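Raw contents of start30.cif, mmCIF, C-alpha atoms:
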data_upload
#
loop_
_atom_site.label_atom_id
_atom_site.label_comp_id
_atom_site.auth_asym_id
_atom_site.auth_seq_id
_atom_site.Cartn_x
_atom_site.Cartn_y
_atom_site.Cartn_z
CA MET K 1 63.79 147.55 103.30
CA LYS K 2 66.33 150.08 102.05
CA VAL K 3 68.59 149.21 104.96
CA LEU K 4 68.25 145.50 104.24
CA ARG K 5 68.98 146.07 100.56
CA THR K 6 72.03 148.14 101.47
CA ILE K 7 73.30 145.39 103.75
CA ALA K 8 72.66 142.76 101.06
CA VAL K 9 74.55 144.79 98.46
CA ALA K 10 77.43 145.35 100.87
CA LEU K 11 77.62 141.63 101.65
CA ALA K 12 77.55 140.78 97.97
CA LEU K 13 80.40 143.21 97.30
CA LEU K 14 82.43 141.76 100.16
CA THR K 15 81.84 138.25 98.87
CA THR K 16 82.89 139.29 95.36
CA MET K 17 86.00 140.97 96.72
CA SER K 18 86.86 137.89 98.78
CA LEU K 19 86.45 135.59 95.79
CA SER K 20 88.54 137.91 93.64
CA ALA K 21 91.28 137.91 96.25
CA LEU K 22 91.17 134.11 96.35
CA ALA K 23 91.18 133.80 92.58
CA ALA K 24 94.11 136.17 92.08
CA PRO K 25 96.65 135.97 94.91
CA LYS K 26 99.38 138.61 94.81
CA SER K 27 102.04 136.14 95.88
CA ILE K 28 102.46 132.43 96.50
CA LYS K 29 104.88 130.46 98.66
CA VAL K 30 106.19 127.32 96.98
CA ALA K 31 108.17 124.43 98.47
CA THR K 32 110.96 122.60 96.68
CA ASP K 33 113.47 119.98 97.79
CA ALA K 34 116.63 121.61 96.43
CA THR K 35 118.69 118.41 96.31
CA TRP K 36 117.71 117.22 92.83
CA PRO K 37 120.02 118.83 90.26
CA PRO K 38 119.59 120.17 87.65
CA MET K 39 115.88 120.55 88.45
CA GLU K 40 116.27 122.17 91.89
CA MET K 41 119.42 122.72 93.91
CA VAL K 42 121.35 125.22 96.05
CA ASP K 43 124.23 127.00 94.30
CA ALA K 44 127.55 128.26 95.68
CA ASN K 45 125.83 131.47 96.80
CA LYS K 46 123.24 129.52 98.83
CA GLN K 47 120.52 130.43 96.34
CA ILE K 48 117.85 127.96 95.19
CA VAL K 49 118.29 127.51 91.44
CA GLY K 50 117.43 125.05 88.68
CA TYR K 51 115.01 124.20 85.92
CA ASP K 52 111.92 124.14 88.14
CA ILE K 53 112.86 127.42 89.80
CA ASP K 54 113.30 129.25 86.50
CA PHE K 55 110.18 127.64 85.09
CA LEU K 56 107.88 128.61 87.95
CA THR K 57 109.40 132.09 88.11
CA ALA K 58 108.44 132.52 84.46
CA VAL K 59 104.98 131.04 85.09
CA ALA K 60 104.39 133.40 88.00
CA LYS K 61 105.44 136.39 85.92
CA GLU K 62 103.03 135.42 83.14
CA ALA K 63 100.26 134.85 85.70
CA GLY K 64 100.89 138.18 87.41
CA VAL K 65 101.95 136.91 90.84
CA LYS K 66 105.14 136.88 92.87
CA VAL K 67 106.64 133.59 94.02
CA GLU K 68 108.72 132.79 97.09
CA PHE K 69 110.57 129.47 97.24
CA LYS K 70 111.07 127.50 100.44
CA ASN K 71 113.70 124.75 100.56
CA THR K 72 111.94 121.77 102.15
CA ALA K 73 113.09 118.20 102.76
CA TRP K 74 111.29 115.69 100.55
CA ASP K 75 110.14 113.49 103.43
CA GLY K 76 108.03 116.32 104.84
CA ILE K 77 107.15 118.29 101.74
CA PHE K 78 103.59 117.00 101.29
CA ALA K 79 102.81 117.31 105.01
CA GLY K 80 103.84 120.95 104.81
CA LEU K 81 101.35 121.55 102.02
CA ASP K 82 98.66 119.78 104.06
CA SER K 83 99.29 122.06 107.04
CA GLY K 84 99.31 125.27 104.97
CA GLN K 85 103.00 126.14 105.33
CA TYR K 86 103.04 126.96 101.62
CA ASP K 87 100.62 127.17 98.71
CA ALA K 88 102.19 124.75 96.26
CA ILE K 89 105.05 122.35 95.55
CA ILE K 90 107.34 122.29 92.54
CA SER K 91 109.98 119.62 93.07
CA SER K 92 110.11 117.21 90.13
CA VAL K 93 106.84 115.72 91.34
CA THR K 94 105.51 113.04 89.01
CA ILE K 95 101.76 113.10 88.49
CA THR K 96 100.43 109.71 89.65
CA ASN K 97 96.93 108.44 90.33
CA GLU K 98 97.83 107.88 93.99
CA ARG K 99 98.95 111.49 94.41
CA LYS K 100 95.99 112.83 92.42
CA ALA K 101 93.66 111.16 94.91
CA LYS K 102 94.95 113.49 97.62
CA TYR K 103 96.22 116.57 95.76
CA ASP K 104 95.45 118.65 92.70
CA PHE K 105 98.02 119.14 89.95
CA THR K 106 98.56 121.60 87.17
CA GLU K 107 98.87 120.29 83.66
CA PRO K 108 102.24 118.56 83.09
CA TYR K 109 104.99 121.08 82.44
CA THR K 110 107.66 118.59 81.29
CA SER K 111 108.09 114.85 80.73
CA ILE K 112 110.88 112.54 81.90
CA GLY K 113 111.59 108.87 82.57
CA GLN K 114 113.40 106.78 85.15
CA ILE K 115 116.82 105.50 84.12
CA LEU K 116 119.51 103.21 85.54
CA VAL K 117 123.02 104.39 86.43
CA VAL K 118 125.80 101.88 87.19
CA PRO K 119 129.60 101.93 87.60
CA LYS K 120 131.55 101.79 84.34
CA THR K 121 133.06 98.53 85.56
CA ASP K 122 129.61 96.89 85.25
CA LYS K 123 129.58 95.39 81.74
CA THR K 124 126.29 93.46 81.93
CA SER K 125 123.52 95.44 83.65
CA LYS K 126 121.01 97.19 81.39
CA LYS K 127 117.89 97.06 83.56
CA ILE K 128 116.91 96.68 87.21
CA ALA K 129 116.24 92.94 86.84
CA ASP K 130 119.87 92.41 85.83
CA LEU K 131 120.93 93.35 89.36
CA LYS K 132 119.21 90.57 91.30
CA GLY K 133 120.86 89.91 94.64
CA LYS K 134 122.27 93.45 94.76
CA LYS K 135 121.38 96.81 96.37
CA ILE K 136 120.07 99.67 94.28
CA GLY K 137 119.86 103.24 95.55
CA ALA K 138 117.05 105.78 95.09
CA GLN K 139 115.59 108.72 96.94
CA ILE K 140 112.89 107.71 99.42
CA GLY K 141 109.32 108.21 98.20
CA THR K 142 110.21 108.82 94.55
CA THR K 143 108.99 107.00 91.48
CA GLY K 144 112.53 105.64 91.08
CA ALA K 145 112.18 103.91 94.45
CA PHE K 146 108.74 102.65 93.44
CA GLU K 147 110.19 101.09 90.28
CA ILE K 148 112.88 99.25 92.22
CA LYS K 149 110.27 97.84 94.60
CA LYS K 150 108.43 96.32 91.63
CA VAL K 151 111.35 94.01 90.82
CA THR K 152 111.80 90.87 92.90
CA GLY K 153 115.28 89.84 93.95
CA VAL K 154 116.80 93.32 94.27
CA GLU K 155 117.13 95.37 97.45
CA LEU K 156 116.15 99.03 97.60
CA LYS K 157 118.37 101.29 99.65
CA GLY K 158 116.58 104.59 100.23
CA TYR K 159 118.16 108.00 100.76
CA ASP K 160 116.91 111.39 101.90
CA GLU K 161 118.96 112.99 99.10
CA ILE K 162 119.84 111.50 95.73
CA GLY K 163 123.43 112.74 95.99
CA LEU K 164 123.98 110.35 98.90
CA ALA K 165 123.01 107.42 96.68
CA PHE K 166 125.70 108.37 94.18
CA GLU K 167 128.23 108.76 97.00
CA ASP K 168 127.41 105.24 98.15
CA MET K 169 127.75 103.86 94.62
CA ALA K 170 131.18 105.50 94.34
CA ALA K 171 132.11 103.79 97.63
CA GLY K 172 130.76 100.42 96.46
CA ARG K 173 127.91 100.28 98.96
CA VAL K 174 125.23 100.05 96.24
CA SER K 175 125.52 98.57 92.77
CA ALA K 176 123.29 101.02 90.91
CA VAL K 177 121.10 104.10 91.25
CA VAL K 178 117.68 104.76 89.72
CA CYS K 179 116.54 108.35 89.21
CA ASP K 180 115.05 110.80 86.71
CA GLU K 181 116.90 111.19 83.41
CA PRO K 182 118.05 114.82 83.93
CA VAL K 183 119.38 113.97 87.39
CA ALA K 184 121.18 110.89 86.06
CA ALA K 185 122.80 113.00 83.33
CA HIS K 186 123.90 115.60 85.89
CA PHE K 187 125.63 113.09 88.15
CA ALA K 188 126.89 110.52 85.65
CA LEU K 189 127.86 112.72 82.71
CA GLN K 190 128.64 116.18 84.09
CA LYS K 191 129.89 115.95 87.66
CA LYS K 192 133.67 115.81 87.38
CA GLU K 193 134.15 113.41 90.30
CA TYR K 194 131.72 110.90 88.80
CA LYS K 195 131.78 111.15 85.01
CA GLU K 196 134.77 108.80 84.75
CA LYS K 197 133.18 106.34 87.20
CA PHE K 198 129.51 106.05 86.22
CA LYS K 199 127.45 105.48 83.10
CA ILE K 200 123.78 105.53 82.13
CA VAL K 201 122.61 102.19 80.73
CA GLY K 202 119.58 100.98 78.80
CA THR K 203 116.68 103.28 78.03
CA SER K 204 114.22 105.04 80.29
CA PHE K 205 111.63 102.58 81.57
CA THR K 206 108.86 104.98 82.58
CA LYS K 207 107.13 107.93 80.98
CA GLU K 208 106.21 110.55 83.57
CA GLY K 209 104.85 114.08 83.63
CA TYR K 210 105.90 116.60 86.26
CA GLY K 211 103.18 118.80 87.72
CA ILE K 212 102.91 121.61 90.27
CA VAL K 213 101.06 120.35 93.36
CA VAL K 214 98.39 122.29 95.27
CA LYS K 215 95.86 121.44 97.94
CA LYS K 216 92.84 119.43 96.84
CA GLY K 217 90.05 121.73 95.71
CA ASN K 218 92.15 124.86 95.18
CA LYS K 219 90.90 125.31 91.63
CA GLU K 220 91.67 129.03 91.58
CA LEU K 221 95.39 128.45 92.06
CA VAL K 222 95.48 125.54 89.61
CA ASP K 223 93.77 127.69 86.96
CA LEU K 224 96.16 130.58 87.62
CA LEU K 225 99.23 128.39 87.32
CA ASN K 226 97.89 126.65 84.20
CA LYS K 227 97.35 130.08 82.66
CA GLY K 228 101.01 130.87 83.33
CA ILE K 229 102.21 127.49 82.04
CA LYS K 230 100.25 127.96 78.82
CA ALA K 231 101.79 131.40 78.29
CA VAL K 232 105.33 130.17 79.02
CA LYS K 233 104.95 127.36 76.49
CA ALA K 234 103.36 129.64 73.91
CA LYS K 235 106.36 131.97 74.13
CA LYS K 236 108.79 129.00 74.01
CA LEU K 237 110.31 130.10 77.31
CA ASP K 238 110.27 126.47 78.46
CA VAL K 239 112.60 125.58 75.58
CA LYS K 240 115.11 128.22 76.69
CA ILE K 241 114.92 127.01 80.28
CA HIS K 242 115.39 123.39 79.20
CA THR K 243 118.43 124.31 77.08
CA LYS K 244 119.94 126.20 80.03
CA TRP K 245 119.60 123.41 82.61
CA VAL K 246 119.25 120.01 80.92
CA LYS K 247 122.47 119.12 79.10
#
Serialized structure, C-alpha cells:
Amino acid sequence: MKVLRTIAVALALLTTMSLSALAAPKSIKVATDATWPPMEMVDANKQIVGYDIDFLTAVAKEAGVKVEFKNTAWDGIFAGLDSGQYDAIISSVTITNERKAKYDFTEPYTSIGQILVVPKTDKTSKKIADLKGKKIGAQIGTTGAFEIKKVTGVELKGYDEIGLAFEDMAAGRVSAVVCDEPVAAHFALQKKEYKEKFKIVGTSFTKEGYGIVVKKGNKELVDLLNKGIKAVKAKKLDVKIHTKWVK
C-alpha cells in the first residue's frame, strides 16, 4: 500500500508539474505577415517591426514569457498554426464569427475599420458601390476583400501583399484599394511616392477588433496573453505604442 501511495503521489506531482508547464510557457513562437505597415513590417535592417510587434513584446513582458516572431505569408499563416509551427498569430487579425469557430482569440487589443483609398484624380467615389464596373484591390483573405465581395458590380483583385495593390493603383491597373485604416494612412498619407497620388475617401465602413489567435482549446495561452494585455492597457503602454506607429 505504501508503494502504491508513493506511486500515486509521484504521478500527481508529475501531473501538476506538467499542467504548470502548460499553463506558464517560458517562451512562445508567434507568426506575423510582415507586409502590413504600420502594424507589422520589415525595416531597413531586415527586422520585423510595427505596432503589433511592440504590443505583443510588451504583453509577453507583462505575462513573464519570451516571444519569438516568425515572418509568415498570410496565405499559409493559419495552416501553420494548425500544424503547430508556432503557438499564436498576431497579424492584424480581425475577430470574426467564422474564425472563432475554428480558433480561439484573446480579447481585442485594438479596434479599426475598413476604408477606401482612390487616386486623387477620382472626384466622385466615396464608397465601394461608387466604383461599379471597376476593379478594386485588397489583400487575399482579409476583411477588406470580404467587404468588396459583398458589393455587386465591382471586381475584386486580390494580392498576396497589400503593397502590390497600391503599386497597381499607381499604375492604373485598379481603381481603388480597400484596407485597414492604419494601413491606408501609411500608404496614402505618409509614403512619399504615393501621398501626392492617393487619398482616403468617405468614412470607415466596418468596426473590427484585432485579436491574437491561438489553437482552439488552448485556454492556458489565451489566459496568459489576456493577463498581459490587461496589464499593458492598465499601464497605458498601448497608448504609447499607438502614438509611435499610427500617425
| said: Neighbouring residues of Thr72 (chain K) were defined as those with any atom within 8 Å, considering only C-alpha atoms; residues of the same chain fewer than 4 positions away were excluded. Please report them as a ChimeraX atom specification. | reply: /K:31-34,76-77
| message | Here is a test: counting all atoms listed in the file, which residue of K:Tyr210, K:Phe198, K:Ile162, K:Ala185 is nearest to Asp52 (chain K)? | response |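 For Asp52 (chain K), the nearest of the given residues is K:Tyr210.
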| field | From K:Phe55, K:Phe105, K:Trp74, K:Phe69, residue lying nearest Lys236 (chain K) [only C-alpha atoms] | value | K:Phe55
| said: Measuring between only C-alpha atoms, which one of K:Trp245, K:Tyr86, K:Phe146, K:Tyr103 shows the shortest distance to Gly158 (chain K)? | reply: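 Once distances to Gly158 (chain K) are computed over only C-alpha atoms, the minimum belongs to K:Phe146.
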| task | Please write as JSON, numbers by chain the full residue list that the PyMOL selection byres ((chain K and resi 144) around 10) yields on this file. | result | {"K": [113, 114, 115, 116, 137, 138, 139, 140, 141, 142, 143, 145, 146, 147, 148, 149, 156, 177, 178, 179, 180, 206]}
Hits of the PyMOL selection byres ((chain K and resi 37) around 8) in this structure, as a PDB file with C-alpha atoms, in the frame of the given file:
ATOM      1  CA  ALA K  34     116.630 121.610  96.430  1.00  0.00           C
ATOM      2  CA  THR K  35     118.690 118.410  96.310  1.00  0.00           C
ATOM      3  CA  TRP K  36     117.710 117.220  92.830  1.00  0.00           C
ATOM      4  CA  PRO K  38     119.590 120.170  87.650  1.00  0.00           C
ATOM      5  CA  MET K  39     115.880 120.550  88.450  1.00  0.00           C
ATOM      6  CA  GLU K  40     116.270 122.170  91.890  1.00  0.00           C
ATOM      7  CA  MET K  41     119.420 122.720  93.910  1.00  0.00           C
ATOM      8  CA  GLY K  50     117.430 125.050  88.680  1.00  0.00           C
ATOM      9  CA  PRO K 182     118.050 114.820  83.930  1.00  0.00           C
ATOM     10  CA  VAL K 183     119.380 113.970  87.390  1.00  0.00           C
ATOM     11  CA  HIS K 186     123.900 115.600  85.890  1.00  0.00           C
TER      12      HIS K 186
END
| K:Asp223, K:Asp122, K:Asp54, K:Glu161 ranked by distance to Ile90 (chain K), top pick (using all atoms listed in the file) |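 Among K:Asp223, K:Asp122, K:Asp54, K:Glu161, it is K:Asp54 that comes nearest to Ile90 (chain K).
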| field | Explicit residues for the PyMOL selection byres ((chain K and resi 96) around 10) (as a ChimeraX atom specification) | value | /K:93-95,97-101,105,143,208-211
Take the selection from the previous step and output its residues with C-alpha atoms, as a compact mmCIF listing (two decimals), in the coordinates of the input.
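Output below, filename again.txt:
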# COMPACT_ATOMS: atom_id res chain seq x y z
CA VAL K 93 106.84 115.72 91.34
CA THR K 94 105.51 113.04 89.01
CA ILE K 95 101.76 113.10 88.49
CA ASN K 97 96.93 108.44 90.33
CA GLU K 98 97.83 107.88 93.99
CA ARG K 99 98.95 111.49 94.41
CA LYS K 100 95.99 112.83 92.42
CA ALA K 101 93.66 111.16 94.91
CA PHE K 105 98.02 119.14 89.95
CA THR K 143 108.99 107.00 91.48
CA GLU K 208 106.21 110.55 83.57
CA GLY K 209 104.85 114.08 83.63
CA TYR K 210 105.90 116.60 86.26
CA GLY K 211 103.18 118.80 87.72
| request: Tell me, in Å to one decimal, how far CA of Ala165 (chain K) is from CA of Ala184 (chain K). | output: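 Result for CA of Ala165 (chain K) versus CA of Ala184 (chain K): 11.3 Å, one decimal.
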| In Å to one decimal, how far is CA of Leu81 (chain K) from CA of Val213 (chain K)? |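 CA of Leu81 (chain K) lies at a distance of 8.7 Å from CA of Val213 (chain K).
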What lies within 10 Å of Lys132 (chain K) using all atoms listed in the file, ignoring chain neighbours under 4 positions off, as an mmCIF file with C-alpha atoms, keeping the file's coordinate frame?
data_model
loop_
_atom_site.group_PDB
_atom_site.id
_atom_site.type_symbol
_atom_site.label_atom_id
_atom_site.label_comp_id
_atom_site.auth_asym_id
_atom_site.auth_seq_id
_atom_site.Cartn_x
_atom_site.Cartn_y
_atom_site.Cartn_z
ATOM 1 C CA ILE K 128 116.910 96.680 87.210
ATOM 2 C CA ILE K 136 120.070 99.670 94.280
ATOM 3 C CA VAL K 151 111.350 94.010 90.820
ATOM 4 C CA THR K 152 111.800 90.870 92.900
ATOM 5 C CA GLY K 153 115.280 89.840 93.950
ATOM 6 C CA VAL K 154 116.800 93.320 94.270
ATOM 7 C CA GLU K 155 117.130 95.370 97.450
#
| request: Kindly give the distance, in Å, that separates CA of Thr124 (chain K) and CA of Ser175 (chain K), rounded to a single decimal. | output: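 So the answer is 12.0 Å.
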| query | Nearest to Val246 (chain K) among K:Asp43, K:Phe187, K:Ala129, K:Phe166, with distances taken over all atoms listed in the file: which residue is it? | reply | K:Phe187
| request: Select, from K:Val201, K:Ala170, K:Ala79, K:Lys102, the residue with the minimum atom-to-atom distance to Asp130 (chain K), counting all atoms listed in the file. | output: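 Using all atoms listed in the file, the shortest distance to Asp130 (chain K) belongs to K:Val201.
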| Spatial neighbours of region 24-29 of chain K, max dist 9 Å, all atoms listed in the file, sep filter under 6 positions, as a ChimeraX atom specification | /K:60,63-70,85-89,220-221,224
